Every structure is written in C-alpha cells, then in structure tokens.
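Participant: The following file, protein-v9.pdb, comprises PDB, C-alpha atoms and all ligand atoms:
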```pdb
ATOM      1  CA  MET A  15      -8.348   2.988  10.505  1.00  0.00           C
ATOM      2  CA  SER A  16      -5.588   2.658   7.988  1.00  0.00           C
ATOM      3  CA  HIS A  17      -4.277   4.283   4.886  1.00  0.00           C
ATOM      4  CA  TYR A  18      -4.591   2.374   1.609  1.00  0.00           C
ATOM      5  CA  ILE A  19      -2.730   2.256  -1.682  1.00  0.00           C
ATOM      6  CA  LEU A  20      -5.011   2.561  -4.687  1.00  0.00           C
ATOM      7  CA  GLU A  21      -4.973   1.934  -8.442  1.00  0.00           C
ATOM      8  CA  PRO A  22      -2.449   4.652  -9.487  1.00  0.00           C
ATOM      9  CA  CYS A  23       0.388   2.656  -7.896  1.00  0.00           C
ATOM     10  CA  ILE A  24      -0.053  -0.004 -10.589  1.00  0.00           C
ATOM     11  CA  GLY A  25       2.499   0.782 -13.268  1.00  0.00           C
ATOM     12  CA  THR A  26       4.332   3.282 -11.038  1.00  0.00           C
ATOM     13  CA  LYS A  27       5.444   1.218  -8.036  1.00  0.00           C
ATOM     14  CA  ASP A  28       8.509   3.374  -7.429  1.00  0.00           C
ATOM     15  CA  THR A  29       8.667   2.513  -3.699  1.00  0.00           C
ATOM     16  CA  ALA A  30       9.067   6.174  -2.698  1.00  0.00           C
ATOM     17  CA  CYS A  31       6.598   5.645   0.151  1.00  0.00           C
ATOM     18  CA  VAL A  32       8.499   2.768   1.758  1.00  0.00           C
ATOM     19  CA  ALA A  33      11.337   4.787   3.304  1.00  0.00           C
ATOM     20  CA  VAL A  34       9.163   7.248   5.208  1.00  0.00           C
ATOM     21  CA  CYS A  35       6.875   4.761   6.936  1.00  0.00           C
ATOM     22  CA  PRO A  36       7.820   4.703  10.637  1.00  0.00           C
ATOM     23  CA  VAL A  37       6.301   1.263  11.208  1.00  0.00           C
ATOM     24  CA  ASP A  38       7.529  -0.468   8.027  1.00  0.00           C
ATOM     25  CA  CYS A  39       4.045  -1.470   6.908  1.00  0.00           C
ATOM     26  CA  ILE A  40       4.395  -0.892   3.137  1.00  0.00           C
ATOM     27  CA  HIS A  41       5.417  -3.947   1.116  1.00  0.00           C
ATOM     28  CA  PRO A  42       6.808  -5.586  -0.896  1.00  0.00           C
ATOM     29  CA  THR A  43      10.029  -3.579  -0.832  1.00  0.00           C
ATOM     30  CA  LYS A  44      12.558  -3.877  -3.654  1.00  0.00           C
ATOM     31  CA  GLU A  45      14.546  -6.287  -1.483  1.00  0.00           C
ATOM     32  CA  GLU A  46      11.707  -8.772  -1.143  1.00  0.00           C
ATOM     33  CA  ASP A  47      11.366 -11.841  -3.350  1.00  0.00           C
ATOM     34  CA  ASP A  48       7.849 -11.017  -4.505  1.00  0.00           C
ATOM     35  CA  PHE A  49       8.575  -7.426  -5.556  1.00  0.00           C
ATOM     36  CA  GLU A  50       8.694  -8.246  -9.277  1.00  0.00           C
ATOM     37  CA  ARG A  51       5.599 -10.427  -9.085  1.00  0.00           C
ATOM     38  CA  GLU A  52       3.309  -7.929  -7.365  1.00  0.00           C
ATOM     39  CA  GLU A  53       1.806  -5.227  -9.580  1.00  0.00           C
ATOM     40  CA  MET A  54       1.735  -2.661  -6.776  1.00  0.00           C
ATOM     41  CA  LEU A  55       2.643  -2.071  -3.143  1.00  0.00           C
ATOM     42  CA  TYR A  56       0.256  -2.561  -0.238  1.00  0.00           C
ATOM     43  CA  ILE A  57      -0.239  -1.130   3.255  1.00  0.00           C
ATOM     44  CA  ASP A  58      -0.790  -3.511   6.148  1.00  0.00           C
ATOM     45  CA  PRO A  59      -4.023  -2.201   7.692  1.00  0.00           C
ATOM     46  CA  ASP A  60      -3.280  -3.908  11.009  1.00  0.00           C
ATOM     47  CA  THR A  61       0.038  -2.093  11.411  1.00  0.00           C
ATOM     48  CA  CYS A  62      -0.534   1.343   9.832  1.00  0.00           C
ATOM     49  CA  ILE A  63      -0.732   4.078  12.478  1.00  0.00           C
ATOM     50  CA  ASP A  64      -2.392   6.613  10.163  1.00  0.00           C
ATOM     51  CA  CYS A  65       0.469   9.098  10.403  1.00  0.00           C
ATOM     52  CA  GLY A  66      -0.030  10.179   6.777  1.00  0.00           C
ATOM     53  CA  LEU A  67       3.698  10.587   6.073  1.00  0.00           C
ATOM     54  CA  CYS A  68       3.529   8.389   2.977  1.00  0.00           C
ATOM     55  CA  ILE A  69       0.897  10.510   1.225  1.00  0.00           C
ATOM     56  CA  ASP A  70       3.176  13.334   0.106  1.00  0.00           C
ATOM     57  CA  GLU A  71       5.890  10.929  -1.059  1.00  0.00           C
ATOM     58  CA  CYS A  72       3.695   9.371  -3.721  1.00  0.00           C
ATOM     59  CA  PRO A  73       4.153  10.939  -7.168  1.00  0.00           C
ATOM     60  CA  VAL A  74       0.767   9.702  -8.372  1.00  0.00           C
ATOM     61  CA  GLN A  75      -1.407  10.349  -5.288  1.00  0.00           C
ATOM     62  CA  ALA A  76      -2.090   6.654  -4.843  1.00  0.00           C
ATOM     63  CA  ILE A  77      -2.273   6.733  -1.029  1.00  0.00           C
ATOM     64  CA  VAL A  78      -5.336   7.900   0.875  1.00  0.00           C
ATOM     65  CA  PRO A  79      -6.784   7.497   4.361  1.00  0.00           C
ATOM     66  CA  GLU A  80      -9.622   5.009   4.698  1.00  0.00           C
ATOM     67  CA  ASP A  81     -12.352   7.649   4.708  1.00  0.00           C
ATOM     68  CA  GLU A  82     -11.120   9.075   1.395  1.00  0.00           C
ATOM     69  CA  VAL A  83     -11.145   5.865  -0.628  1.00  0.00           C
ATOM     70  CA  PRO A  84     -13.423   6.613  -3.609  1.00  0.00           C
ATOM     71  CA  PRO A  85     -16.383   4.254  -4.089  1.00  0.00           C
ATOM     72  CA  ASP A  86     -15.007   2.875  -7.335  1.00  0.00           C
ATOM     73  CA  GLN A  87     -11.794   1.837  -5.565  1.00  0.00           C
ATOM     74  CA  GLU A  88     -13.289   0.292  -2.435  1.00  0.00           C
ATOM     75  CA  HIS A  89     -12.014  -3.109  -3.545  1.00  0.00           C
ATOM     76  CA  PHE A  90      -8.438  -1.880  -3.074  1.00  0.00           C
ATOM     77  CA  LYS A  91      -8.993  -1.966   0.696  1.00  0.00           C
ATOM     78  CA  GLU A  92      -9.454  -5.720   0.465  1.00  0.00           C
ATOM     79  CA  LYS A  93      -6.571  -5.964  -2.013  1.00  0.00           C
ATOM     80  CA  ASN A  94      -4.185  -4.308   0.470  1.00  0.00           C
ATOM     81  CA  ALA A  95      -5.327  -6.487   3.377  1.00  0.00           C
ATOM     82  CA  ALA A  96      -5.291  -9.666   1.282  1.00  0.00           C
ATOM     83  CA  TYR A  97      -1.588  -9.280   0.520  1.00  0.00           C
ATOM     84  CA  TYR A  98      -0.766  -9.521   4.240  1.00  0.00           C
ATOM     85  CA  ALA A  99      -3.295 -12.276   4.914  1.00  0.00           C
ATOM     86  CA  LYS A 100      -1.593 -14.304   2.181  1.00  0.00           C
ATOM     87  CA  LYS A 101       1.842 -13.690   3.714  1.00  0.00           C
ATOM     88  CA  GLN A 102       0.750 -15.187   7.031  1.00  0.00           C
ATOM     89  CA  ASN A 103      -0.229 -18.497   5.459  1.00  0.00           C
TER      90      ASN A 103
HETATM   91  S1  LIG B   1       0.059   6.378   7.062  1.00  0.00           S
HETATM   92 FE1  LIG B   1       2.021   6.267   8.185  1.00  0.00          FE
HETATM   93  S2  LIG B   1       1.979   4.264   9.117  1.00  0.00           S
HETATM   94 FE2  LIG B   1       0.418   4.227   7.533  1.00  0.00          FE
HETATM   95  S3  LIG B   1       1.459   3.419   5.741  1.00  0.00           S
HETATM   96 FE3  LIG B   1       1.609   5.646   5.630  1.00  0.00          FE
HETATM   97  S4  LIG B   1       3.582   6.130   6.566  1.00  0.00           S
HETATM   98 FE4  LIG B   1       3.059   4.032   7.183  1.00  0.00          FE
HETATM   99  S1  LIG B   2       4.948   6.092  -3.665  1.00  0.00           S
HETATM  100 FE1  LIG B   2       2.930   5.743  -4.623  1.00  0.00          FE
HETATM  101  S2  LIG B   2       3.375   4.848  -6.636  1.00  0.00           S
HETATM  102 FE2  LIG B   2       5.228   4.725  -5.407  1.00  0.00          FE
HETATM  103  S3  LIG B   2       5.138   2.651  -4.512  1.00  0.00           S
HETATM  104 FE3  LIG B   2       4.259   4.072  -3.008  1.00  0.00          FE
HETATM  105  S4  LIG B   2       2.059   4.058  -3.450  1.00  0.00           S
HETATM  106 FE4  LIG B   2       3.078   3.168  -5.207  1.00  0.00          FE
END
```
Please render this file's structure as structure tokens.
Facilitator:
Amino acid sequence: MSHYILEPCIGTKDTACVAVCPVDCIHPTKEEDDFEREEMLYIDPDTCIDCGLCIDECPVQAIVPEDEVPPDQEHFKEKNAAYYAKKQN
C-alpha cells in the first residue's frame, strides 16, 4: 500500500507535503534539478509507509491512500511510480 498524489497537485505544487514526510518519499523537492520541469510532485510507492501525515498538509486534497483513488484518477498511481522508475535509470 501507498499514498498517491493526484491531479489537484498540478498547478498547485506548493511542496507543503514534503516537510512532514518521515521517510522523505515525496519528490521532486524545490532543491532538486527537475522541480521546475515536473508538473506535480510524486510519492514513491516503494518507500511510503502509509502514515497519512501528508494528507492534512495539502491545501487542495491531492493526496489519498491507495484504496481511495477515484476510478477516473487510477492512472495517477502509475504516474507516481513512473517518476521513481525513471530516476533509477
Ligand atoms: S503517507 Fe506518510 S510516508 Fe507516505 S508520503 Fe505521506 S507522509 Fe510520506
Ligand atoms: S501539498 Fe498537495 S499540492 Fe502541495 S505539493 Fe504536496 S500534493 Fe502537491
């Protein structure tokens, strides 16, 4: 299980969630080279411990646990994971 960042982050991307994550699995941060290039932030599903701390930080309710991803945003699960798969290459 993991939490995922969904469509509302696009255009908001304020990084409020980054600071509260105890396992540093939300990227890119403002300090990273690809921050400007990416349209949103992503959660690493292999690292997220499902603590839920990031949920209340988000001003646009973009973060949900896996079992609350709405059907029309299912593709954001792959979009989050793909960001980290790309980083490993
Ligand atoms: S649920 Fe917890 S571990 Fe997962 S991204 Fe949010 S703050 Fe980080
Ligand atoms: S707090 Fe919400 S809008 Fe801001 S970067 Fe995190 S997921 Fe995106």
Participant: Once the PyMOL selection byres (((chain A and resi 25-32) around 6) and not hetatm) is applied to the coordinates I shared, what remains selected? I want it as a list in words.
Facilitator: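 In the shown coordinates, the PyMOL selection byres (((chain A and resi 25-32) around 6) and not hetatm) covers Cys23, Ile24, Ala33, Val34, Cys35, Ile40, Met54, Cys68 and Glu71 of chain A.
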Participant: Determine the residue membership of the PyMOL selection byres (((chain A and resi 92) around 12) and not hetatm) for the file above and supply it as number ranges by chain.
Facilitator: A: 16, 18-20, 56-59, 80, 83, 87-91, 93-100
Participant: At what distance in Å, to one decimal, does atom CA of A:Asp38 lie from atom CA of A:Ile77?
Facilitator: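 Going from atom CA of A:Ile77 over to atom CA of A:Asp38, I get 15.2 Å.
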Participant: So how far away is atom CA of A:Glu82 from atom CA of A:Asp64, in Å?
Facilitator: 12.6 Å
Participant: For atom S2 of ligand LIG 2 (chain B) and atom CA of A:Leu55, determine how far apart the two atoms are, in Å to one decimal place.
Facilitator: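 We find that atom S2 of ligand LIG 2 (chain B) and atom CA of A:Leu55 lie 7.8 Å from each other.
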Participant: Around the point (7.2, 2.3, 12.8), in the coordinates given by the file, pick out the residues reaching within 10 Å, counting only C-alpha atoms, and return them as a PyMOL selection string.
Facilitator: chain A and resi 34-39+61-63+65
Participant: Using all atoms listed in the file, which of A:Ala76, A:Asp70, A:Met15, A:Asp47 sits nearest ligand LIG 2 (chain B)?
Facilitator: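 Closest to ligand LIG 2 (chain B), using all atoms listed in the file: A:Ala76.
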